[in-house]
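Next comes protein.txt, a file with compact mmCIF, N, CA and C atoms.
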# COMPACT_ATOMS: atom_id res chain seq x y z
N MET A 104 -17.18 -2.01 -8.86
CA MET A 104 -15.73 -1.96 -8.88
C MET A 104 -15.32 -1.43 -10.24
N ARG A 105 -14.49 -0.41 -10.22
CA ARG A 105 -13.97 0.19 -11.46
C ARG A 105 -12.51 -0.24 -11.62
N LEU A 106 -12.24 -0.95 -12.71
CA LEU A 106 -10.91 -1.47 -12.97
C LEU A 106 -10.16 -0.55 -13.93
N ILE A 107 -8.85 -0.61 -13.83
CA ILE A 107 -8.00 0.23 -14.67
C ILE A 107 -6.70 -0.51 -14.95
N THR A 108 -6.09 -0.23 -16.09
CA THR A 108 -4.75 -0.71 -16.38
C THR A 108 -3.85 0.51 -16.41
N TYR A 109 -2.72 0.42 -15.73
CA TYR A 109 -1.78 1.53 -15.70
C TYR A 109 -0.36 1.01 -15.84
N GLU A 110 0.56 1.92 -16.12
CA GLU A 110 1.95 1.53 -16.32
C GLU A 110 2.77 1.84 -15.08
N LEU A 111 3.59 0.88 -14.68
CA LEU A 111 4.52 1.06 -13.58
C LEU A 111 5.81 0.34 -13.95
N ASP A 112 6.92 1.05 -13.94
CA ASP A 112 8.22 0.47 -14.32
C ASP A 112 8.17 -0.19 -15.70
N ASN A 113 7.56 0.50 -16.65
CA ASN A 113 7.44 0.03 -18.04
C ASN A 113 6.68 -1.27 -18.19
N LYS A 114 5.78 -1.57 -17.24
CA LYS A 114 4.95 -2.77 -17.32
C LYS A 114 3.52 -2.39 -17.00
N TRP A 115 2.58 -3.06 -17.70
CA TRP A 115 1.17 -2.82 -17.43
C TRP A 115 0.77 -3.54 -16.16
N ARG A 116 -0.05 -2.87 -15.34
CA ARG A 116 -0.53 -3.44 -14.09
C ARG A 116 -2.02 -3.17 -13.96
N ALA A 117 -2.71 -4.05 -13.28
CA ALA A 117 -4.13 -3.87 -13.04
C ALA A 117 -4.31 -3.10 -11.74
N GLY A 118 -5.35 -2.29 -11.71
CA GLY A 118 -5.65 -1.52 -10.52
C GLY A 118 -7.14 -1.33 -10.35
N ILE A 119 -7.53 -0.91 -9.16
CA ILE A 119 -8.92 -0.64 -8.84
C ILE A 119 -9.01 0.84 -8.49
N ILE A 120 -9.97 1.54 -9.08
CA ILE A 120 -10.16 2.95 -8.77
C ILE A 120 -11.02 3.07 -7.52
N VAL A 121 -10.48 3.78 -6.54
CA VAL A 121 -11.21 4.08 -5.30
C VAL A 121 -11.15 5.59 -5.14
N ASP A 122 -12.30 6.24 -5.23
CA ASP A 122 -12.39 7.70 -5.26
C ASP A 122 -11.55 8.20 -6.43
N ASP A 123 -10.52 8.99 -6.18
CA ASP A 123 -9.65 9.48 -7.25
C ASP A 123 -8.27 8.85 -7.18
N ASP A 124 -8.19 7.69 -6.57
CA ASP A 124 -6.92 6.99 -6.40
C ASP A 124 -6.96 5.62 -7.08
N ILE A 125 -5.77 5.06 -7.30
CA ILE A 125 -5.64 3.71 -7.84
C ILE A 125 -5.04 2.83 -6.75
N VAL A 126 -5.66 1.68 -6.53
CA VAL A 126 -5.13 0.66 -5.63
C VAL A 126 -4.59 -0.45 -6.52
N ASP A 127 -3.33 -0.83 -6.33
CA ASP A 127 -2.73 -1.88 -7.13
C ASP A 127 -3.48 -3.20 -6.89
N ALA A 128 -3.81 -3.91 -7.97
CA ALA A 128 -4.60 -5.14 -7.86
C ALA A 128 -3.86 -6.25 -7.12
N SER A 129 -2.56 -6.31 -7.27
CA SER A 129 -1.82 -7.37 -6.57
C SER A 129 -1.85 -7.16 -5.06
N ILE A 130 -1.84 -5.91 -4.61
CA ILE A 130 -1.93 -5.60 -3.18
C ILE A 130 -3.32 -5.97 -2.67
N ALA A 131 -4.36 -5.63 -3.45
CA ALA A 131 -5.73 -5.97 -3.07
C ALA A 131 -5.92 -7.48 -3.04
N ALA A 132 -5.34 -8.19 -4.01
CA ALA A 132 -5.46 -9.65 -4.06
C ALA A 132 -4.83 -10.29 -2.83
N THR A 133 -3.67 -9.78 -2.43
CA THR A 133 -3.01 -10.29 -1.24
C THR A 133 -3.87 -10.03 -0.01
N ALA A 134 -4.42 -8.82 0.09
CA ALA A 134 -5.26 -8.47 1.23
C ALA A 134 -6.54 -9.31 1.27
N ALA A 135 -7.05 -9.69 0.09
CA ALA A 135 -8.27 -10.49 0.01
C ALA A 135 -7.98 -11.99 0.08
N ASN A 136 -6.70 -12.34 0.10
CA ASN A 136 -6.28 -13.74 0.13
C ASN A 136 -6.80 -14.50 -1.10
N ILE A 137 -6.67 -13.85 -2.27
CA ILE A 137 -7.06 -14.45 -3.55
C ILE A 137 -5.79 -14.72 -4.33
N ASP A 138 -5.60 -15.98 -4.73
CA ASP A 138 -4.41 -16.39 -5.46
C ASP A 138 -4.75 -16.48 -6.95
N PHE A 139 -4.06 -15.71 -7.77
CA PHE A 139 -4.31 -15.72 -9.21
C PHE A 139 -3.42 -16.70 -9.96
N ASP A 140 -2.55 -17.40 -9.27
CA ASP A 140 -1.64 -18.38 -9.88
C ASP A 140 -0.78 -17.77 -10.98
N SER A 141 -0.46 -16.51 -10.86
CA SER A 141 0.44 -15.87 -11.81
C SER A 141 1.07 -14.66 -11.15
N GLU A 142 2.23 -14.30 -11.63
CA GLU A 142 2.95 -13.15 -11.07
C GLU A 142 2.26 -11.85 -11.45
N TRP A 143 1.68 -11.82 -12.65
CA TRP A 143 1.06 -10.61 -13.17
C TRP A 143 -0.45 -10.78 -13.20
N ILE A 144 -1.18 -9.82 -12.66
CA ILE A 144 -2.64 -9.85 -12.63
C ILE A 144 -3.15 -8.89 -13.69
N SER A 145 -4.13 -9.35 -14.48
CA SER A 145 -4.75 -8.47 -15.47
C SER A 145 -6.23 -8.30 -15.12
N ASN A 146 -6.84 -7.29 -15.70
CA ASN A 146 -8.27 -7.07 -15.48
C ASN A 146 -9.10 -8.25 -15.98
N ARG A 147 -8.62 -8.93 -17.01
CA ARG A 147 -9.33 -10.11 -17.52
C ARG A 147 -9.46 -11.17 -16.43
N GLN A 148 -8.41 -11.36 -15.66
CA GLN A 148 -8.44 -12.34 -14.57
C GLN A 148 -9.42 -11.89 -13.47
N ILE A 149 -9.45 -10.61 -13.21
CA ILE A 149 -10.33 -10.09 -12.16
C ILE A 149 -11.79 -10.26 -12.53
N ILE A 150 -12.15 -9.96 -13.78
CA ILE A 150 -13.56 -10.07 -14.17
C ILE A 150 -14.00 -11.53 -14.30
N GLN A 151 -13.04 -12.46 -14.33
CA GLN A 151 -13.39 -13.88 -14.38
C GLN A 151 -13.61 -14.48 -12.98
N LEU A 152 -13.37 -13.70 -11.94
CA LEU A 152 -13.65 -14.17 -10.58
C LEU A 152 -15.16 -14.32 -10.40
N ASN A 153 -15.55 -15.21 -9.51
CA ASN A 153 -16.98 -15.32 -9.24
C ASN A 153 -17.43 -14.12 -8.40
N GLU A 154 -18.74 -13.98 -8.24
CA GLU A 154 -19.30 -12.79 -7.58
C GLU A 154 -18.80 -12.63 -6.15
N LYS A 155 -18.71 -13.72 -5.42
CA LYS A 155 -18.23 -13.67 -4.03
C LYS A 155 -16.78 -13.21 -3.97
N GLN A 156 -15.94 -13.73 -4.86
CA GLN A 156 -14.54 -13.33 -4.91
C GLN A 156 -14.39 -11.87 -5.32
N GLN A 157 -15.21 -11.42 -6.27
CA GLN A 157 -15.15 -10.02 -6.69
C GLN A 157 -15.52 -9.09 -5.54
N SER A 158 -16.53 -9.46 -4.76
CA SER A 158 -16.92 -8.64 -3.61
C SER A 158 -15.80 -8.58 -2.58
N LYS A 159 -15.20 -9.72 -2.33
CA LYS A 159 -14.08 -9.80 -1.38
C LYS A 159 -12.90 -8.96 -1.87
N PHE A 160 -12.64 -9.04 -3.17
CA PHE A 160 -11.56 -8.29 -3.80
C PHE A 160 -11.81 -6.78 -3.68
N GLU A 161 -13.05 -6.38 -3.95
CA GLU A 161 -13.40 -4.96 -3.87
C GLU A 161 -13.29 -4.43 -2.44
N ARG A 162 -13.78 -5.21 -1.47
CA ARG A 162 -13.67 -4.80 -0.06
C ARG A 162 -12.20 -4.65 0.35
N ALA A 163 -11.36 -5.57 -0.13
CA ALA A 163 -9.93 -5.49 0.18
C ALA A 163 -9.31 -4.23 -0.41
N ALA A 164 -9.71 -3.87 -1.64
CA ALA A 164 -9.19 -2.65 -2.27
C ALA A 164 -9.60 -1.42 -1.47
N LEU A 165 -10.83 -1.39 -0.99
CA LEU A 165 -11.28 -0.27 -0.17
C LEU A 165 -10.49 -0.20 1.14
N ASP A 166 -10.22 -1.34 1.75
CA ASP A 166 -9.43 -1.38 2.98
C ASP A 166 -8.00 -0.89 2.75
N VAL A 167 -7.41 -1.31 1.63
CA VAL A 167 -6.05 -0.88 1.30
C VAL A 167 -6.03 0.63 1.09
N ALA A 168 -7.04 1.16 0.39
CA ALA A 168 -7.12 2.60 0.16
C ALA A 168 -7.25 3.36 1.47
N ASP A 169 -8.02 2.83 2.41
CA ASP A 169 -8.18 3.48 3.71
C ASP A 169 -6.89 3.44 4.52
N ALA A 170 -6.15 2.32 4.44
CA ALA A 170 -4.91 2.17 5.21
C ALA A 170 -3.78 3.02 4.64
N ARG A 171 -3.72 3.12 3.30
CA ARG A 171 -2.72 3.96 2.62
C ARG A 171 -1.33 3.79 3.20
N ASN A 172 -0.81 2.54 3.16
CA ASN A 172 0.50 2.23 3.74
C ASN A 172 1.68 2.70 2.90
N SER A 173 1.49 2.80 1.60
CA SER A 173 2.61 3.12 0.72
C SER A 173 2.11 3.84 -0.52
N ASP A 174 2.98 4.66 -1.12
CA ASP A 174 2.64 5.34 -2.37
C ASP A 174 2.58 4.35 -3.54
N LEU A 175 3.14 3.15 -3.38
CA LEU A 175 3.05 2.14 -4.43
C LEU A 175 1.74 1.38 -4.34
N ASP A 176 1.14 1.32 -3.15
CA ASP A 176 -0.13 0.63 -2.96
C ASP A 176 -1.29 1.48 -3.47
N VAL A 177 -1.27 2.78 -3.14
CA VAL A 177 -2.35 3.70 -3.47
C VAL A 177 -1.73 5.01 -3.96
N PHE A 178 -2.18 5.48 -5.11
CA PHE A 178 -1.65 6.74 -5.62
C PHE A 178 -2.71 7.43 -6.48
N PRO A 179 -2.59 8.74 -6.67
CA PRO A 179 -3.59 9.51 -7.43
C PRO A 179 -3.67 9.07 -8.89
N ILE A 180 -4.86 8.98 -9.40
CA ILE A 180 -5.07 8.54 -10.77
C ILE A 180 -4.42 9.49 -11.78
N GLU A 181 -4.37 10.78 -11.44
CA GLU A 181 -3.80 11.74 -12.41
C GLU A 181 -2.30 11.57 -12.60
N THR A 182 -1.64 10.81 -11.74
CA THR A 182 -0.20 10.57 -11.89
C THR A 182 0.10 9.33 -12.72
N ALA A 183 -0.92 8.58 -13.09
CA ALA A 183 -0.72 7.30 -13.78
C ALA A 183 -0.79 7.45 -15.29
N ARG A 184 -0.01 6.64 -15.97
CA ARG A 184 -0.12 6.51 -17.43
C ARG A 184 -1.09 5.35 -17.67
N LEU A 185 -2.23 5.65 -18.26
CA LEU A 185 -3.27 4.66 -18.44
C LEU A 185 -3.02 3.79 -19.65
N GLY A 186 -3.47 2.54 -19.56
CA GLY A 186 -3.29 1.58 -20.64
C GLY A 186 -4.61 1.02 -21.13
N PRO A 187 -4.53 0.01 -21.97
CA PRO A 187 -5.75 -0.61 -22.49
C PRO A 187 -6.51 -1.33 -21.37
N PRO A 188 -7.84 -1.30 -21.41
CA PRO A 188 -8.61 -1.95 -20.34
C PRO A 188 -8.26 -3.43 -20.17
N ILE A 189 -8.14 -4.15 -21.27
CA ILE A 189 -7.76 -5.56 -21.24
C ILE A 189 -6.50 -5.72 -22.10
N PRO A 190 -5.31 -5.66 -21.49
CA PRO A 190 -4.07 -5.69 -22.27
C PRO A 190 -3.70 -7.09 -22.77
N ASP A 191 -4.43 -8.11 -22.32
CA ASP A 191 -4.11 -9.48 -22.71
C ASP A 191 -5.37 -10.24 -23.15
N PRO A 192 -6.01 -9.81 -24.24
CA PRO A 192 -7.27 -10.45 -24.64
C PRO A 192 -7.05 -11.92 -25.01
N ASP A 193 -8.10 -12.74 -24.79
CA ASP A 193 -8.04 -14.15 -25.18
C ASP A 193 -7.90 -14.30 -26.69
N LYS A 194 -8.66 -13.50 -27.40
CA LYS A 194 -8.62 -13.56 -28.86
C LYS A 194 -9.03 -12.22 -29.43
N ILE A 195 -8.59 -11.98 -30.65
CA ILE A 195 -8.95 -10.77 -31.38
C ILE A 195 -9.63 -11.22 -32.66
N ILE A 196 -10.84 -10.74 -32.86
CA ILE A 196 -11.60 -11.13 -34.04
C ILE A 196 -11.54 -10.00 -35.05
N CYS A 197 -11.05 -10.32 -36.23
CA CYS A 197 -10.93 -9.31 -37.29
C CYS A 197 -11.58 -9.85 -38.55
N LEU A 198 -12.30 -9.00 -39.21
CA LEU A 198 -12.93 -9.32 -40.49
C LEU A 198 -12.70 -8.16 -41.43
N GLY A 199 -12.54 -8.46 -42.70
CA GLY A 199 -12.40 -7.40 -43.68
C GLY A 199 -13.62 -6.48 -43.71
N LEU A 200 -14.76 -7.01 -43.29
CA LEU A 200 -15.98 -6.21 -43.29
C LEU A 200 -16.01 -5.19 -42.17
N ASN A 201 -15.05 -5.25 -41.26
CA ASN A 201 -14.99 -4.30 -40.17
C ASN A 201 -14.52 -2.91 -40.64
N TYR A 202 -14.01 -2.85 -41.85
CA TYR A 202 -13.41 -1.61 -42.32
C TYR A 202 -14.22 -1.07 -43.51
N LYS A 203 -14.42 0.23 -43.52
CA LYS A 203 -15.25 0.86 -44.54
C LYS A 203 -14.74 0.58 -45.96
N SER A 204 -13.43 0.59 -46.16
CA SER A 204 -12.86 0.40 -47.49
C SER A 204 -13.07 -1.01 -48.02
N HIS A 205 -13.45 -1.96 -47.19
CA HIS A 205 -13.69 -3.32 -47.65
C HIS A 205 -15.15 -3.50 -47.97

What is this file in structure tokens?
Amino acid sequence: MRLITYELDNKWRAGIIVDDDIVDASIAATAANIDFDSEWISNRQIIQLNEKQQSKFERAALDVADARNSDLDVFPIETARLGPPIPDPDKIICLGLNYKSH
């Protein structure tokens, strides 16, 4: 499963790449009957799923891509503004030694 973060309506959203298209993660989650307990789904939440849930999630994304019910559910990757892979990290570790000048 290839995950992506993209922008829609000035907000970052998680998506799954299927061929050259993006399937919105919230649509795939609904199709897979996986509840993330939040309005916004990030790639961090997806990679924290167990293996069985990830497989179910991926199969649902493939099914959504095949059904292609709406341009908001599935759309070409070249039309998307891409974002950071994990837009909501748990923590950021910084050290002065990370920089050459230090």

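By chain and then residue number, the residues within 10 Å of Phe178 (chain A) are Ile120, Val121, Asp123, Asp124, Ile125, Val126, Asp127, Ala168, Arg171, Ser173 and Ala183 of chain A, counting only C-alpha atoms and disregarding those fewer than 5 positions away in sequence.
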
Let's have the selection written as a short mmCIF file (atom, residue, chain, number, x, y, z; two decimals), keeping the file's coordinate frame, with N, CA and C atoms.
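part02.cif written:
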data_model
loop_
_atom_site.label_atom_id
_atom_site.label_comp_id
_atom_site.auth_asym_id
_atom_site.auth_seq_id
_atom_site.Cartn_x
_atom_site.Cartn_y
_atom_site.Cartn_z
N ILE A 120 -9.97 1.54 -9.08
CA ILE A 120 -10.16 2.95 -8.77
C ILE A 120 -11.02 3.07 -7.52
N VAL A 121 -10.48 3.78 -6.54
CA VAL A 121 -11.21 4.08 -5.30
C VAL A 121 -11.15 5.59 -5.14
N ASP A 123 -10.52 8.99 -6.18
CA ASP A 123 -9.65 9.48 -7.25
C ASP A 123 -8.27 8.85 -7.18
N ASP A 124 -8.19 7.69 -6.57
CA ASP A 124 -6.92 6.99 -6.40
C ASP A 124 -6.96 5.62 -7.08
N ILE A 125 -5.77 5.06 -7.30
CA ILE A 125 -5.64 3.71 -7.84
C ILE A 125 -5.04 2.83 -6.75
N VAL A 126 -5.66 1.68 -6.53
CA VAL A 126 -5.13 0.66 -5.63
C VAL A 126 -4.59 -0.45 -6.52
N ASP A 127 -3.33 -0.83 -6.33
CA ASP A 127 -2.73 -1.88 -7.13
C ASP A 127 -3.48 -3.20 -6.89
N ALA A 168 -7.04 1.16 0.39
CA ALA A 168 -7.12 2.60 0.16
C ALA A 168 -7.25 3.36 1.47
N ARG A 171 -3.72 3.12 3.30
CA ARG A 171 -2.72 3.96 2.62
C ARG A 171 -1.33 3.79 3.20
N SER A 173 1.49 2.80 1.60
CA SER A 173 2.61 3.12 0.72
C SER A 173 2.11 3.84 -0.52
N ALA A 183 -0.92 8.58 -13.09
CA ALA A 183 -0.72 7.30 -13.78
C ALA A 183 -0.79 7.45 -15.29
#

Q.
Residues near region 154-162 of chain A, anyone? I mean within 6.5 Å using all atoms listed in the file, not counting same-chain ones fewer than 5 positions away, as a PyMOL selection string.
A. chain A and resi 104+131-132+135+167

Selected residue of minimal separation from Gly186 (chain A) among A:Glu110, A:Arg105, A:Asp138, A:Ile119, counting all atoms listed in the file: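 Looking at the shortest contact to Gly186 (chain A), the residue is A:Glu110.
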
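The interatomic distance for the pair CA of Arg147 (chain A) and atom C of Pro190 (chain A) works out to 8.3 Å.
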
Since the input has fewer atoms than a full residue there, write region 116-135 of chain A out with N, CA, C and O atoms, as a PDB file, in the frame of the given file.
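That gives us rebuild30.pdb:
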ATOM      1  N   ARG A 116      -0.050  -2.870 -15.340  1.00  0.00           N
ATOM      2  CA  ARG A 116      -0.530  -3.440 -14.090  1.00  0.00           C
ATOM      3  C   ARG A 116      -2.020  -3.170 -13.960  1.00  0.00           C
ATOM      4  O   ARG A 116      -2.514  -2.169 -14.471  1.00  0.00           O
ATOM      5  N   ALA A 117      -2.710  -4.050 -13.280  1.00  0.00           N
ATOM      6  CA  ALA A 117      -4.130  -3.870 -13.040  1.00  0.00           C
ATOM      7  C   ALA A 117      -4.310  -3.100 -11.740  1.00  0.00           C
ATOM      8  O   ALA A 117      -3.521  -3.239 -10.801  1.00  0.00           O
ATOM      9  N   GLY A 118      -5.350  -2.290 -11.710  1.00  0.00           N
ATOM     10  CA  GLY A 118      -5.650  -1.520 -10.520  1.00  0.00           C
ATOM     11  C   GLY A 118      -7.140  -1.330 -10.350  1.00  0.00           C
ATOM     12  O   GLY A 118      -7.923  -1.580 -11.275  1.00  0.00           O
ATOM     13  N   ILE A 119      -7.530  -0.910  -9.160  1.00  0.00           N
ATOM     14  CA  ILE A 119      -8.920  -0.640  -8.840  1.00  0.00           C
ATOM     15  C   ILE A 119      -9.010   0.840  -8.490  1.00  0.00           C
ATOM     16  O   ILE A 119      -8.209   1.344  -7.698  1.00  0.00           O
ATOM     17  N   ILE A 120      -9.970   1.540  -9.080  1.00  0.00           N
ATOM     18  CA  ILE A 120     -10.160   2.950  -8.770  1.00  0.00           C
ATOM     19  C   ILE A 120     -11.020   3.070  -7.520  1.00  0.00           C
ATOM     20  O   ILE A 120     -12.111   2.520  -7.451  1.00  0.00           O
ATOM     21  N   VAL A 121     -10.480   3.780  -6.540  1.00  0.00           N
ATOM     22  CA  VAL A 121     -11.210   4.080  -5.300  1.00  0.00           C
ATOM     23  C   VAL A 121     -11.150   5.590  -5.140  1.00  0.00           C
ATOM     24  O   VAL A 121     -10.077   6.158  -4.960  1.00  0.00           O
ATOM     25  N   ASP A 122     -12.300   6.240  -5.230  1.00  0.00           N
ATOM     26  CA  ASP A 122     -12.390   7.700  -5.260  1.00  0.00           C
ATOM     27  C   ASP A 122     -11.550   8.200  -6.430  1.00  0.00           C
ATOM     28  O   ASP A 122     -11.844   7.860  -7.550  1.00  0.00           O
ATOM     29  N   ASP A 123     -10.520   8.990  -6.180  1.00  0.00           N
ATOM     30  CA  ASP A 123      -9.650   9.480  -7.250  1.00  0.00           C
ATOM     31  C   ASP A 123      -8.270   8.850  -7.180  1.00  0.00           C
ATOM     32  O   ASP A 123      -7.292   9.399  -7.694  1.00  0.00           O
ATOM     33  N   ASP A 124      -8.190   7.690  -6.570  1.00  0.00           N
ATOM     34  CA  ASP A 124      -6.920   6.990  -6.400  1.00  0.00           C
ATOM     35  C   ASP A 124      -6.960   5.620  -7.080  1.00  0.00           C
ATOM     36  O   ASP A 124      -8.027   5.077  -7.353  1.00  0.00           O
ATOM     37  N   ILE A 125      -5.770   5.060  -7.300  1.00  0.00           N
ATOM     38  CA  ILE A 125      -5.640   3.710  -7.840  1.00  0.00           C
ATOM     39  C   ILE A 125      -5.040   2.830  -6.750  1.00  0.00           C
ATOM     40  O   ILE A 125      -4.041   3.198  -6.124  1.00  0.00           O
ATOM     41  N   VAL A 126      -5.660   1.680  -6.530  1.00  0.00           N
ATOM     42  CA  VAL A 126      -5.130   0.660  -5.630  1.00  0.00           C
ATOM     43  C   VAL A 126      -4.590  -0.450  -6.520  1.00  0.00           C
ATOM     44  O   VAL A 126      -5.286  -0.958  -7.395  1.00  0.00           O
ATOM     45  N   ASP A 127      -3.330  -0.830  -6.330  1.00  0.00           N
ATOM     46  CA  ASP A 127      -2.730  -1.880  -7.130  1.00  0.00           C
ATOM     47  C   ASP A 127      -3.480  -3.200  -6.890  1.00  0.00           C
ATOM     48  O   ASP A 127      -3.734  -3.585  -5.750  1.00  0.00           O
ATOM     49  N   ALA A 128      -3.810  -3.910  -7.970  1.00  0.00           N
ATOM     50  CA  ALA A 128      -4.600  -5.140  -7.860  1.00  0.00           C
ATOM     51  C   ALA A 128      -3.860  -6.250  -7.120  1.00  0.00           C
ATOM     52  O   ALA A 128      -4.485  -7.032  -6.405  1.00  0.00           O
ATOM     53  N   SER A 129      -2.560  -6.310  -7.270  1.00  0.00           N
ATOM     54  CA  SER A 129      -1.820  -7.370  -6.570  1.00  0.00           C
ATOM     55  C   SER A 129      -1.850  -7.160  -5.060  1.00  0.00           C
ATOM     56  O   SER A 129      -1.924  -8.121  -4.288  1.00  0.00           O
ATOM     57  N   ILE A 130      -1.840  -5.910  -4.610  1.00  0.00           N
ATOM     58  CA  ILE A 130      -1.930  -5.600  -3.180  1.00  0.00           C
ATOM     59  C   ILE A 130      -3.320  -5.970  -2.670  1.00  0.00           C
ATOM     60  O   ILE A 130      -3.474  -6.573  -1.612  1.00  0.00           O
ATOM     61  N   ALA A 131      -4.360  -5.630  -3.450  1.00  0.00           N
ATOM     62  CA  ALA A 131      -5.730  -5.970  -3.070  1.00  0.00           C
ATOM     63  C   ALA A 131      -5.920  -7.480  -3.040  1.00  0.00           C
ATOM     64  O   ALA A 131      -6.598  -8.013  -2.155  1.00  0.00           O
ATOM     65  N   ALA A 132      -5.340  -8.190  -4.010  1.00  0.00           N
ATOM     66  CA  ALA A 132      -5.460  -9.650  -4.060  1.00  0.00           C
ATOM     67  C   ALA A 132      -4.830 -10.290  -2.830  1.00  0.00           C
ATOM     68  O   ALA A 132      -5.387 -11.219  -2.238  1.00  0.00           O
ATOM     69  N   THR A 133      -3.670  -9.780  -2.430  1.00  0.00           N
ATOM     70  CA  THR A 133      -3.010 -10.290  -1.240  1.00  0.00           C
ATOM     71  C   THR A 133      -3.870 -10.030  -0.010  1.00  0.00           C
ATOM     72  O   THR A 133      -4.044 -10.918   0.833  1.00  0.00           O
ATOM     73  N   ALA A 134      -4.420  -8.820   0.090  1.00  0.00           N
ATOM     74  CA  ALA A 134      -5.260  -8.470   1.230  1.00  0.00           C
ATOM     75  C   ALA A 134      -6.540  -9.310   1.270  1.00  0.00           C
ATOM     76  O   ALA A 134      -7.046  -9.637   2.341  1.00  0.00           O
ATOM     77  N   ALA A 135      -7.050  -9.690   0.090  1.00  0.00           N
ATOM     78  CA  ALA A 135      -8.270 -10.490   0.010  1.00  0.00           C
ATOM     79  C   ALA A 135      -7.980 -11.990   0.080  1.00  0.00           C
ATOM     80  O   ALA A 135      -8.903 -12.799   0.079  1.00  0.00           O
TER      81      ALA A 135
END
